[in-house]
>>> print(open('run.txt').read())   # compact mmCIF, C-alpha atoms
# COMPACT_ATOMS: atom_id res chain seq x y z
CA MET O 57 0.00 0.00 0.00
CA ALA O 58 3.03 2.30 -0.29
CA THR O 59 2.45 5.59 -2.09
CA VAL O 60 4.88 7.05 -4.60
CA PRO O 61 6.87 9.69 -2.68
CA THR O 62 6.99 13.27 -3.91
CA PRO O 63 10.18 13.51 -6.00
CA HIS O 64 13.00 15.74 -4.82
CA PRO O 65 15.84 16.37 -7.27
CA ASP O 66 18.42 16.53 -4.51
CA ASP O 67 17.34 13.36 -2.69
CA ASP O 68 20.11 10.82 -2.10
CA ASP O 69 19.01 7.51 -3.49
CA GLY O 70 22.35 5.77 -3.03
CA ALA O 71 22.53 2.26 -1.69
CA PRO O 72 23.38 1.69 1.99
CA ARG O 73 27.10 1.78 2.65
CA ARG O 74 29.00 -1.36 3.47
CA SER O 75 29.48 -2.45 7.04
CA SER O 76 33.15 -1.33 6.94
CA LEU O 77 31.92 2.20 7.48
CA MET O 78 30.98 1.27 11.02
CA ALA O 79 34.58 1.10 12.22
CA PRO O 80 35.52 4.84 12.15
CA LEU O 81 32.17 5.80 13.67
CA LEU O 82 32.04 3.54 16.72
CA ALA O 83 33.04 6.38 18.96
CA ARG O 84 30.06 8.44 17.79
CA PHE O 85 27.73 5.55 18.60
CA GLY O 86 28.96 5.44 22.19
CA ARG O 87 30.98 2.27 21.52
CA ALA O 88 34.51 3.58 21.32
CA SER O 89 37.36 1.50 22.65
CA PRO O 90 38.70 2.83 25.98
CA SER O 91 41.93 4.82 25.95
CA PRO O 92 45.04 2.91 27.02
CA ASP O 93 45.77 3.25 30.72
CA PRO O 94 49.40 2.79 31.73
CA ALA O 95 48.44 1.91 35.27
CA PRO O 96 45.16 -0.03 35.37
CA THR O 97 43.65 -0.25 38.83
CA ALA O 98 42.19 -3.35 40.44
CA GLU O 99 38.76 -1.82 39.98
CA ARG O 100 39.31 -1.56 36.23
CA LEU O 101 40.46 -5.16 36.08
CA ALA O 102 37.30 -6.39 37.79
CA PRO O 103 34.78 -8.09 35.48
CA ILE O 104 31.94 -5.87 34.25
CA ASN O 105 28.41 -7.18 34.05
CA PRO O 106 27.65 -7.54 30.29
CA ALA O 107 24.02 -6.49 30.74
CA ARG O 108 25.10 -3.35 32.61
CA ARG O 109 27.65 -2.54 29.91
CA LEU O 110 24.97 -2.89 27.22
CA TYR O 111 22.57 -0.74 29.23
CA ASP O 112 25.21 1.98 29.64
CA ARG O 113 25.98 1.98 25.91
CA ILE O 114 22.27 2.27 25.07
CA GLY O 115 21.91 5.22 27.43
CA ASP O 116 25.07 6.83 26.08
CA PHE O 117 23.71 6.64 22.52
CA LEU O 118 20.33 8.11 23.50
CA PHE O 119 21.80 11.03 25.44
CA ARG O 120 24.64 11.63 22.98
CA HIS O 121 22.07 12.26 20.25
CA SER O 122 19.51 14.00 22.52
CA LEU O 123 16.85 11.41 21.77
CA ASP O 124 13.57 11.11 23.66
CA LEU O 125 13.21 8.06 25.89
CA THR O 126 10.56 6.31 23.80
CA PRO O 127 10.21 2.56 23.18
CA LEU O 128 11.10 3.09 19.52
CA ASN O 129 14.30 5.03 20.29
CA PHE O 130 15.34 2.58 23.00
CA GLY O 131 14.83 -0.36 20.63
CA CYS O 132 16.83 1.41 17.93
CA ALA O 133 19.70 2.09 20.36
CA HIS O 134 19.67 -1.53 21.51
CA ASP O 135 19.72 -2.94 17.97
CA LEU O 136 22.57 -0.59 17.08
CA VAL O 137 24.95 -1.04 20.01
CA ALA O 138 24.23 -4.77 20.28
CA ASP O 139 25.05 -5.21 16.54
CA VAL O 140 21.84 -7.13 15.84
CA ASN O 141 20.71 -4.99 12.88
CA GLN O 142 23.40 -4.49 10.25
CA GLU O 143 21.06 -2.53 7.97
CA LEU O 144 20.39 -0.05 10.77
CA GLY O 145 24.12 0.30 11.44
CA ASN O 146 24.79 1.04 7.78
CA ALA O 147 22.01 3.63 7.68
CA VAL O 148 23.34 5.41 10.78
CA SER O 149 26.87 5.34 9.35
CA LYS O 150 25.68 6.86 6.12
CA ALA O 151 23.73 9.59 7.92
CA LEU O 152 26.63 10.56 10.20
CA LEU O 153 29.12 10.61 7.32
CA ALA O 154 26.76 12.96 5.48
CA GLY O 155 26.53 15.22 8.54
CA GLU O 156 22.89 14.30 9.16
CA PRO O 157 22.02 14.16 12.88
CA ILE O 158 20.32 11.12 14.36
CA THR O 159 17.07 12.63 15.66
CA ASN O 160 13.68 11.35 16.80
CA ALA O 161 12.35 12.08 13.31
CA TRP O 162 15.27 10.26 11.65
CA ILE O 163 14.53 7.10 13.67
CA GLU O 164 10.82 7.38 12.94
CA ARG O 165 11.52 7.72 9.24
CA TYR O 166 13.83 4.71 9.28
CA TYR O 167 11.33 2.42 11.01
CA GLY O 168 8.37 3.96 9.20
CA GLU O 169 9.80 2.66 5.94
CA ARG O 170 10.05 -0.79 7.52
CA PRO O 171 6.59 -1.57 8.96
CA ASP O 172 7.67 -4.98 10.23
CA ASP O 173 10.27 -3.45 12.57
CA GLY O 174 9.65 -1.97 16.01
CA LEU O 175 6.69 -2.94 18.17
CA GLY O 176 4.87 -5.22 15.77
CA GLN O 177 1.71 -7.19 16.20
CA GLY O 178 3.65 -10.32 17.10
CA LYS O 179 5.27 -8.70 20.13
CA LEU O 180 1.94 -7.32 21.28
CA GLU O 181 0.41 -10.79 21.02
CA ASP O 182 3.25 -12.19 23.14
CA ILE O 183 2.55 -9.63 25.84
CA ALA O 184 -1.19 -10.30 25.65
CA ASN O 185 -0.57 -14.05 26.00
CA THR O 186 1.61 -13.42 29.06
CA VAL O 187 -1.12 -11.31 30.65
CA GLU O 188 -3.65 -14.05 29.95
CA ALA O 189 -1.38 -16.64 31.54
CA GLU O 190 -0.94 -14.51 34.66
CA LEU O 191 -4.68 -14.01 34.95
CA GLY O 192 -5.11 -17.76 34.57
CA ARG O 193 -2.76 -18.33 37.51
CA CYS O 194 -4.74 -15.83 39.57
CA ILE O 195 -7.96 -17.69 38.79
CA ALA O 196 -6.33 -21.01 39.71
CA LEU O 197 -5.13 -19.59 43.03
CA ILE O 198 -8.59 -18.27 43.79
CA GLY O 199 -9.90 -21.76 43.09
CA GLN O 200 -7.28 -23.27 45.39
CA SER O 201 -8.27 -20.85 48.15
CA GLY O 202 -11.95 -21.76 47.72
CA THR O 203 -11.17 -25.49 47.74
CA ALA O 204 -9.09 -25.17 50.91
CA THR O 205 -11.87 -23.22 52.61
CA GLN O 206 -14.45 -25.85 51.64
CA ALA O 207 -12.22 -28.67 52.91
CA PHE O 208 -11.71 -26.84 56.19
CA GLY O 209 -15.45 -26.37 56.60
CA GLU O 210 -16.17 -30.03 55.96
CA ALA O 211 -13.45 -31.16 58.38
CA LEU O 212 -14.67 -28.74 61.04
CA THR O 213 -18.27 -29.98 60.67
CA SER O 214 -17.08 -33.57 61.07
CA GLU O 215 -15.11 -32.73 64.20
CA ILE O 216 -18.00 -30.81 65.79
CA ALA O 217 -20.14 -33.95 65.43
CA THR O 218 -17.75 -35.77 67.81
CA LEU O 219 -17.47 -32.89 70.27
CA GLU O 220 -19.85 -34.43 72.83
CA VAL O 221 -18.15 -37.83 72.70
CA THR O 222 -14.49 -36.77 72.93
CA PRO O 223 -14.45 -33.07 73.78
CA ALA O 224 -10.75 -32.76 74.63
CA GLN O 225 -9.48 -34.58 71.55
CA THR O 226 -11.98 -32.77 69.30
CA LEU O 227 -10.95 -29.34 70.52
CA SER O 228 -7.30 -30.22 69.95
CA ARG O 229 -8.02 -31.34 66.37
CA VAL O 230 -10.12 -28.22 65.71
CA VAL O 231 -7.23 -26.03 66.86
CA ASP O 232 -4.84 -27.93 64.58
CA LEU O 233 -7.24 -27.56 61.63
CA ALA O 234 -7.61 -23.85 62.28
CA ARG O 235 -3.85 -23.35 62.41
CA GLU O 236 -3.38 -25.28 59.17
CA MET O 237 -6.15 -23.31 57.47
CA VAL O 238 -4.65 -20.00 58.57
CA GLU O 239 -1.24 -20.96 57.19
CA GLN O 240 -2.73 -22.13 53.88
CA THR O 241 -4.81 -18.99 53.56
CA ARG O 242 -1.85 -16.73 54.27
CA SER O 243 0.30 -18.54 51.70
CA VAL O 244 -2.36 -18.48 48.98
CA ASP O 245 -3.32 -14.87 49.67
CA GLN O 246 0.31 -13.74 49.49
CA GLU O 247 0.88 -15.48 46.19
CA LEU O 248 -2.46 -14.21 44.89
CA ARG O 249 -1.47 -10.63 45.69
CA GLU O 250 1.84 -11.08 43.90
CA ARG O 251 0.12 -12.55 40.84
CA ARG O 252 -2.37 -9.69 40.77
CA GLU O 253 0.44 -7.14 40.91
CA GLN O 254 2.25 -8.90 38.07
CA ALA O 255 -0.92 -9.04 35.98
CA GLN O 256 -1.58 -5.33 36.57
CA ALA O 257 1.99 -4.47 35.59
CA LEU O 258 1.66 -6.57 32.44
CA ARG O 259 -1.65 -4.92 31.57
CA SER O 260 0.07 -1.53 31.86
CA THR O 261 2.91 -2.76 29.64
CA LEU O 262 0.40 -4.01 27.07
CA ARG O 263 -1.38 -0.67 26.98
CA THR O 264 1.93 1.18 26.59
CA ALA O 265 3.16 -1.17 23.87
CA ASN O 266 -0.15 -1.02 22.02
CA ARG O 267 -0.11 2.77 22.11
CA ALA O 268 3.52 2.89 20.98
CA ALA O 269 2.81 0.52 18.09
CA ASN O 270 -0.01 2.71 16.78
CA LEU O 271 1.15 6.25 17.57
CA ASP O 272 3.50 8.58 15.74
CA HIS O 273 5.61 9.88 18.63
CA LEU O 274 6.66 13.08 16.90
CA THR O 275 3.21 14.42 15.98
CA ASN O 276 1.05 12.42 18.44
CA LEU O 277 -1.18 11.44 15.53
CA PRO O 278 -1.99 7.80 14.81
CA ASN O 279 0.56 6.21 12.47
CA ARG O 280 0.04 4.31 9.24
CA ARG O 281 -0.49 1.00 11.06
CA ALA O 282 -3.27 2.56 13.15
CA PHE O 283 -4.85 4.11 10.04
CA GLU O 284 -4.96 0.78 8.22
CA ARG O 285 -6.44 -0.89 11.29
CA HIS O 286 -9.11 1.84 11.43
CA VAL O 287 -10.05 1.12 7.81
CA ARG O 288 -10.26 -2.61 8.56
CA GLU O 289 -12.61 -1.89 11.47
CA ILE O 290 -14.83 0.18 9.18
CA ALA O 291 -14.85 -2.63 6.62
CA ALA O 292 -15.92 -5.10 9.32
CA ALA O 293 -18.84 -2.91 10.47
CA ALA O 294 -22.39 -3.95 9.68
CA SER O 295 -23.06 -0.79 7.68
CA VAL O 296 -20.51 1.39 5.90
CA ARG O 297 -21.05 5.11 5.50
CA PRO O 298 -19.72 7.06 2.48
CA LEU O 299 -15.94 7.51 2.69
CA VAL O 300 -13.57 10.08 1.21
CA LEU O 301 -9.78 9.94 1.57
CA ALA O 302 -7.39 12.91 1.47
CA LEU O 303 -3.63 12.54 1.04
CA CYS O 304 -1.60 15.63 2.04
CA ASP O 305 2.11 16.31 1.48
CA ILE O 306 4.13 19.29 2.80
CA ASP O 307 5.56 21.40 -0.03
CA HIS O 308 9.38 21.64 -0.30
CA PHE O 309 9.86 19.89 3.04
CA LYS O 310 13.39 18.75 2.22
CA LYS O 311 14.39 22.34 1.56
CA ILE O 312 13.08 23.29 5.00
CA ASN O 313 15.23 20.60 6.59
CA ASP O 314 18.29 21.56 4.54
CA ALA O 315 17.94 25.28 5.21
CA HIS O 316 16.91 25.24 8.87
CA GLY O 317 17.76 21.79 10.24
CA HIS O 318 15.72 18.78 11.22
CA ALA O 319 14.61 20.31 14.53
CA VAL O 320 12.74 23.01 12.59
CA GLY O 321 11.40 20.36 10.21
CA ASP O 322 10.06 18.44 13.21
CA ARG O 323 8.26 21.54 14.48
CA VAL O 324 6.70 22.10 11.05
CA LEU O 325 5.40 18.52 11.09
CA LYS O 326 3.93 19.07 14.57
CA LEU O 327 2.30 22.33 13.48
CA ILE O 328 0.54 20.80 10.48
CA ALA O 329 -0.40 17.70 12.47
CA ALA O 330 -2.05 19.95 15.08
CA ARG O 331 -4.15 21.59 12.37
CA PHE O 332 -5.35 18.19 11.15
CA GLN O 333 -5.98 17.06 14.72
CA GLU O 334 -8.40 19.96 15.20
CA ILE O 335 -10.87 18.46 12.74
CA CYS O 336 -10.54 14.88 13.95
CA GLY O 337 -13.60 13.26 15.49
CA SER O 338 -16.24 10.67 14.78
CA ALA O 339 -16.43 11.79 11.14
CA CYS O 340 -12.70 12.24 10.46
CA PHE O 341 -9.61 10.14 11.22
CA ALA O 342 -6.19 11.72 10.58
CA ALA O 343 -2.82 9.94 10.66
CA ARG O 344 0.79 10.55 9.75
CA PHE O 345 1.30 8.35 6.72
CA GLY O 346 5.08 8.58 6.67
CA GLY O 347 7.72 11.28 6.21
CA GLU O 348 5.96 14.53 5.36
CA GLU O 349 2.72 12.82 4.26
CA PHE O 350 -0.57 12.79 6.15
CA VAL O 351 -3.77 10.91 5.38
CA LEU O 352 -7.31 11.80 6.44
CA LEU O 353 -10.41 9.63 6.12
CA PHE O 354 -13.81 11.36 6.22
CA GLN O 355 -17.20 9.72 6.68
CA ASP O 356 -20.54 11.09 5.47
CA ARG O 357 -18.85 13.79 3.38
CA THR O 358 -18.73 14.38 -0.35
CA VAL O 359 -15.49 14.89 -2.24
CA ALA O 360 -16.32 18.59 -2.62
CA GLU O 361 -16.95 18.98 1.13
CA VAL O 362 -13.67 17.26 2.00
CA ALA O 363 -11.75 19.38 -0.50
CA ALA O 364 -13.29 22.52 1.06
CA ALA O 365 -12.31 21.39 4.59
CA ILE O 366 -8.73 20.66 3.49
CA ASP O 367 -8.55 23.99 1.63
CA ASP O 368 -9.63 25.84 4.77
CA ILE O 369 -6.74 24.34 6.76
CA ARG O 370 -4.32 24.93 3.90
CA ALA O 371 -5.34 28.56 3.42
CA ARG O 372 -5.09 29.41 7.13
CA LEU O 373 -1.68 27.75 7.35
CA ALA O 374 -0.35 29.55 4.26
CA GLU O 375 -1.17 32.92 5.83
CA ARG O 376 1.31 32.42 8.67
CA GLN O 377 4.87 33.69 8.59
CA LEU O 378 6.92 31.23 10.65
CA VAL O 379 10.09 32.07 12.55
CA ASP O 380 12.64 29.71 14.07
CA LYS O 381 12.26 30.45 17.78
CA ASP O 382 15.81 29.25 18.53
CA SER O 383 17.75 31.22 15.92
CA GLY O 384 15.27 34.00 15.16
CA ARG O 385 15.61 33.27 11.44
CA ALA O 386 12.53 33.59 9.27
CA ILE O 387 11.22 30.29 7.94
CA GLY O 388 8.57 31.92 5.82
CA LYS O 389 5.26 30.49 4.73
CA ILE O 390 4.57 26.77 4.91
CA SER O 391 2.11 25.07 2.60
CA PHE O 392 0.98 21.60 1.61
CA SER O 393 -0.68 20.02 -1.40
CA ALA O 394 -3.53 17.54 -1.24
CA GLY O 395 -5.23 14.90 -3.35
CA VAL O 396 -8.81 13.81 -2.58
CA ALA O 397 -10.57 10.65 -3.73
CA GLU O 398 -13.81 8.88 -2.93
CA MET O 399 -13.48 5.41 -1.38
CA PRO O 400 -16.38 3.35 -2.72
CA ASP O 401 -15.42 0.32 -0.64
CA PRO O 402 -13.26 0.22 2.55
CA ASN O 403 -11.69 -2.95 1.15
CA ALA O 404 -10.39 -0.85 -1.76
CA LEU O 405 -7.93 1.16 0.34
CA HIS O 406 -4.96 0.46 -1.93
CA THR O 407 -6.63 1.65 -5.13
CA THR O 408 -8.13 4.67 -3.36
CA ILE O 409 -4.71 5.73 -2.11
CA GLU O 410 -3.35 5.40 -5.64
CA ARG O 411 -6.11 7.65 -6.98
CA ALA O 412 -5.57 10.20 -4.21
CA ASP O 413 -1.83 10.06 -4.87
CA THR O 414 -2.42 10.78 -8.57
CA ALA O 415 -4.53 13.80 -7.58
CA LEU O 416 -1.79 14.89 -5.17
CA TYR O 417 0.79 14.82 -7.98
CA ALA O 418 -1.57 16.92 -10.09
CA ALA O 419 -1.64 19.47 -7.26
CA LYS O 420 2.17 19.44 -7.06
CA ASN O 421 2.55 19.80 -10.81
CA GLY O 422 -0.04 22.57 -10.84
CA GLY O 423 2.09 24.80 -8.65
CA ARG O 424 1.70 23.29 -5.14
CA ASN O 425 -0.30 24.76 -2.24
CA ARG O 426 -3.57 23.51 -3.72
CA THR O 427 -6.06 20.63 -3.53
CA CYS O 428 -7.03 18.42 -6.46
CA ALA O 429 -9.77 15.79 -6.61
CA ALA O 430 -9.46 12.46 -8.39
>>> encode(input="run.txt", output="structure tokens")
Amino acid sequence: MATVPTPHPDDDDGAPRRSSLMAPLLARFGRASPSPDPAPTAERLAPINPARRLYDRIGDFLFRHSLDLTPLNFGCAHDLVADVNQELGNAVSKALLAGEPITNAWIERYYGERPDDGLGQGKLEDIANTVEAELGRCIALIGQSGTATQAFGEALTSEIATLEVTPAQTLSRVVDLAREMVEQTRSVDQELRERREQAQALRSTLRTANRAANLDHLTNLPNRRAFERHVREIAAAASVRPLVLALCDIDHFKKINDAHGHAVGDRVLKLIAARFQEICGSACFAARFGGEEFVLLFQDRTVAEVAAAIDDIRARLAERQLVDKDSGRAIGKISFSAGVAEMPDPNALHTTIERADTALYAAKNGGRNRTCAA
């Protein structure tokens, strides 16, 4: 379902560099070899926990590049310093050699082009299965507690029946039963509390992982995976309302990054995402589709109504004169182009995106900062 990206004459389409490029850049990844020490101390000669060393290198990479502490960034740092993803290492090498900083947006772009990486559905299912197993143990423990209580009650009833015949012996056995029941109850209750705490922690982890897998961390909009899931949910509904899809692409975004840096580019993405978020609701679902592209799906709207709504956002945005708050330099006006297409069937997402993409290219070729309908 990939769309054809907006062409940029100065884009670098070169192949990833070979792994030999990693060697001169290890220091910049936080994996440099230590400097020779003419007088090593006993403390330096002591063995270092490998897990702690890996953890330190991950943290060093994150802080060295001023990256947010998100699951995606942490996973990227782990795969890089642990040498488990050669393709990622080559991509980072190439970026650093070209003077391109490793930012939150850079990592999002890298994994966004590889939808099977990161927190995929398989990992979420593993977490969900673990939660289910923990809940199953809790239920089993509750059953054990109930069985023990029932057995105690039956034994106590039996002993009470002999109370008049052998009072001293009966009282002694009742005391022993009570002590045993108290010990069993304490043991089961303690383990039950621990299982409940573990299940609650796992539920929290599942919610966090699920959110991370479906959220674009830079713009706080849903990502492409979440958008496609939303379309599948619509397709599975009993009745489907009329659908119209809009594909939007920021004009000259690469020039913004080249002229002002990726930090400014990130803020531009957030600004436009916020404008799209304002119109989100039960009748509109907006997502970051990848890079500088956004996709919006409208229900119960005509193509003309959607084009008018997109044009309103585009016109208000184009009126603003943006300034880089850090440097004070003028960024100028920011605009985007859009292509709009009707979706006759939610199962026809791929062909609808292609039609919207064709309309988007017509808007680009027509001078940009405009909306075209398929």
>>> atom_distance(input="run.txt", atom1="CA of Gln254 in chain O", atom2="CA of Asp112 in chain O")
26.8 Å
>>> closest_atom_pairs(input="run.txt", of="range 130-172 of chain O", to="range 290-313 of chain O", cutoff="12 Å", atoms="all atoms listed in the file", output="CSV")
residue,atom,partner,partner_atom,distance
O:Glu156,CA,O:Asn313,CA,10.2
O:Pro157,CA,O:Asn313,CA,11.3
O:Ala161,CA,O:Asn313,CA,11.2
O:Trp162,CA,O:Asn313,CA,11.5
>>> write_last_selection(input="run.txt", atoms="C-alpha atoms", output="CSV table (one decimal), keeping the file's coordinate frame")
chain,number,residue,atom,x,y,z
O,156,GLU,CA,22.9,14.3,9.2
O,157,PRO,CA,22.0,14.2,12.9
O,161,ALA,CA,12.4,12.1,13.3
O,162,TRP,CA,15.3,10.3,11.6
>>> closest_residue(input="run.txt", among="O:Asp413, O:Asn421, O:Gly337, O:Ala430", to="Ala360 in chain O", atoms="all atoms listed in the file")
O:Ala430
>>> residues_around(input="run.txt", residues="Thr414 in chain O", least_positions_apart="5", cutoff="10 Å", atoms="all atoms listed in the file", output="list in words")
Thr59, Val60, Leu303, Gly395, Val396, Ala397, Thr408, Ile409, Ala419, Lys420, Cys428, Ala429 and Ala430 of chain O
>>> closest_residue(input="run.txt", among="O:Asp135, O:Cys336, O:Ser383, O:Arg426", to="Asp367 in chain O", atoms="all atoms listed in the file")
O:Arg426
>>> residues_around(input="run.txt", residues="range 270-276 of chain O", least_positions_apart="3", cutoff="10 Å", atoms="all atoms listed in the file", output="ChimeraX atom specification")
/O:124,126-128,160-161,164,168,175-176,265-267,279-283,285,322-330,333,343-346
>>> atom_distance(input="run.txt", atom1="CA of Tyr417 in chain O", atom2="CA of Ile335 in chain O")
24.1 Å
>>> residues_near_point(input="run.txt", point="(9.1, 26.6, 12.7)", cutoff="7 Å", atoms="only C-alpha atoms", output="list of chain:residue names")
O:Val320, O:Arg323, O:Val324, O:Leu378, O:Val379, O:Asp380, O:Ile387
>>> closest_residue(input="run.txt", among="O:Gln355, O:Asn129, O:Gln377, O:Ser393", to="Leu416 in chain O", atoms="all atoms listed in the file")
O:Ser393
>>> decode(input="run.txt", residues="range 312-321 of chain O", atoms="all heavy atoms", output="mmCIF file, in the first residue's frame")
data_model
loop_
_atom_site.group_PDB
_atom_site.id
_atom_site.type_symbol
_atom_site.label_atom_id
_atom_site.label_comp_id
_atom_site.auth_asym_id
_atom_site.auth_seq_id
_atom_site.Cartn_x
_atom_site.Cartn_y
_atom_site.Cartn_z
ATOM 1 N N ILE O 312 13.212 22.767 3.628
ATOM 2 C CA ILE O 312 13.079 23.291 4.995
ATOM 3 C C ILE O 312 14.116 22.639 5.894
ATOM 4 O O ILE O 312 14.810 23.307 6.673
ATOM 5 C CB ILE O 312 11.657 23.037 5.531
ATOM 6 C CG1 ILE O 312 10.632 23.790 4.697
ATOM 7 C CG2 ILE O 312 11.549 23.445 7.004
ATOM 8 C CD1 ILE O 312 9.185 23.433 5.037
ATOM 9 N N ASN O 313 14.239 21.319 5.786
ATOM 10 C CA ASN O 313 15.233 20.604 6.595
ATOM 11 C C ASN O 313 16.648 21.046 6.252
ATOM 12 O O ASN O 313 17.486 21.257 7.139
ATOM 13 C CB ASN O 313 15.100 19.093 6.383
ATOM 14 C CG ASN O 313 14.002 18.483 7.226
ATOM 15 O OD1 ASN O 313 13.658 18.996 8.287
ATOM 16 N ND2 ASN O 313 13.429 17.390 6.751
ATOM 17 N N ASP O 314 16.938 21.189 4.956
ATOM 18 C CA ASP O 314 18.289 21.562 4.535
ATOM 19 C C ASP O 314 18.638 22.986 4.968
ATOM 20 O O ASP O 314 19.780 23.261 5.354
ATOM 21 C CB ASP O 314 18.413 21.439 3.011
ATOM 22 C CG ASP O 314 18.356 19.995 2.533
ATOM 23 O OD1 ASP O 314 18.528 19.092 3.382
ATOM 24 O OD2 ASP O 314 18.121 19.769 1.331
ATOM 25 N N ALA O 315 17.667 23.882 4.910
ATOM 26 C CA ALA O 315 17.940 25.283 5.215
ATOM 27 C C ALA O 315 17.937 25.582 6.715
ATOM 28 O O ALA O 315 18.696 26.433 7.187
ATOM 29 C CB ALA O 315 16.914 26.181 4.511
ATOM 30 N N HIS O 316 17.093 24.884 7.466
ATOM 31 C CA HIS O 316 16.907 25.243 8.874
ATOM 32 C C HIS O 316 17.223 24.106 9.846
ATOM 33 O O HIS O 316 17.242 24.343 11.056
ATOM 34 C CB HIS O 316 15.467 25.711 9.106
ATOM 35 C CG HIS O 316 15.063 26.874 8.248
ATOM 36 N ND1 HIS O 316 15.419 28.174 8.545
ATOM 37 C CD2 HIS O 316 14.345 26.929 7.096
ATOM 38 C CE1 HIS O 316 14.920 28.993 7.614
ATOM 39 N NE2 HIS O 316 14.278 28.256 6.719
ATOM 40 N N GLY O 317 17.456 22.910 9.356
ATOM 41 C CA GLY O 317 17.763 21.788 10.237
ATOM 42 C C GLY O 317 16.537 20.941 10.530
ATOM 43 O O GLY O 317 15.392 21.374 10.368
ATOM 44 N N HIS O 318 16.799 19.731 10.986
ATOM 45 C CA HIS O 318 15.715 18.782 11.221
ATOM 46 C C HIS O 318 14.858 19.162 12.422
ATOM 47 O O HIS O 318 13.679 18.790 12.481
ATOM 48 C CB HIS O 318 16.286 17.372 11.409
ATOM 49 C CG HIS O 318 16.810 16.776 10.131
ATOM 50 N ND1 HIS O 318 16.014 16.114 9.239
ATOM 51 C CD2 HIS O 318 18.055 16.778 9.592
ATOM 52 C CE1 HIS O 318 16.727 15.708 8.207
ATOM 53 N NE2 HIS O 318 17.970 16.103 8.402
ATOM 54 N N ALA O 319 15.414 19.888 13.378
ATOM 55 C CA ALA O 319 14.606 20.310 14.527
ATOM 56 C C ALA O 319 13.473 21.225 14.065
ATOM 57 O O ALA O 319 12.328 21.111 14.535
ATOM 58 C CB ALA O 319 15.475 21.014 15.557
ATOM 59 N N VAL O 320 13.773 22.136 13.140
ATOM 60 C CA VAL O 320 12.738 23.011 12.586
ATOM 61 C C VAL O 320 11.755 22.179 11.760
ATOM 62 O O VAL O 320 10.538 22.387 11.822
ATOM 63 C CB VAL O 320 13.360 24.128 11.729
ATOM 64 C CG1 VAL O 320 12.272 24.903 10.980
ATOM 65 C CG2 VAL O 320 14.165 25.068 12.611
ATOM 66 N N GLY O 321 12.278 21.238 10.980
ATOM 67 C CA GLY O 321 11.401 20.363 10.206
ATOM 68 C C GLY O 321 10.433 19.602 11.098
ATOM 69 O O GLY O 321 9.255 19.444 10.763
#
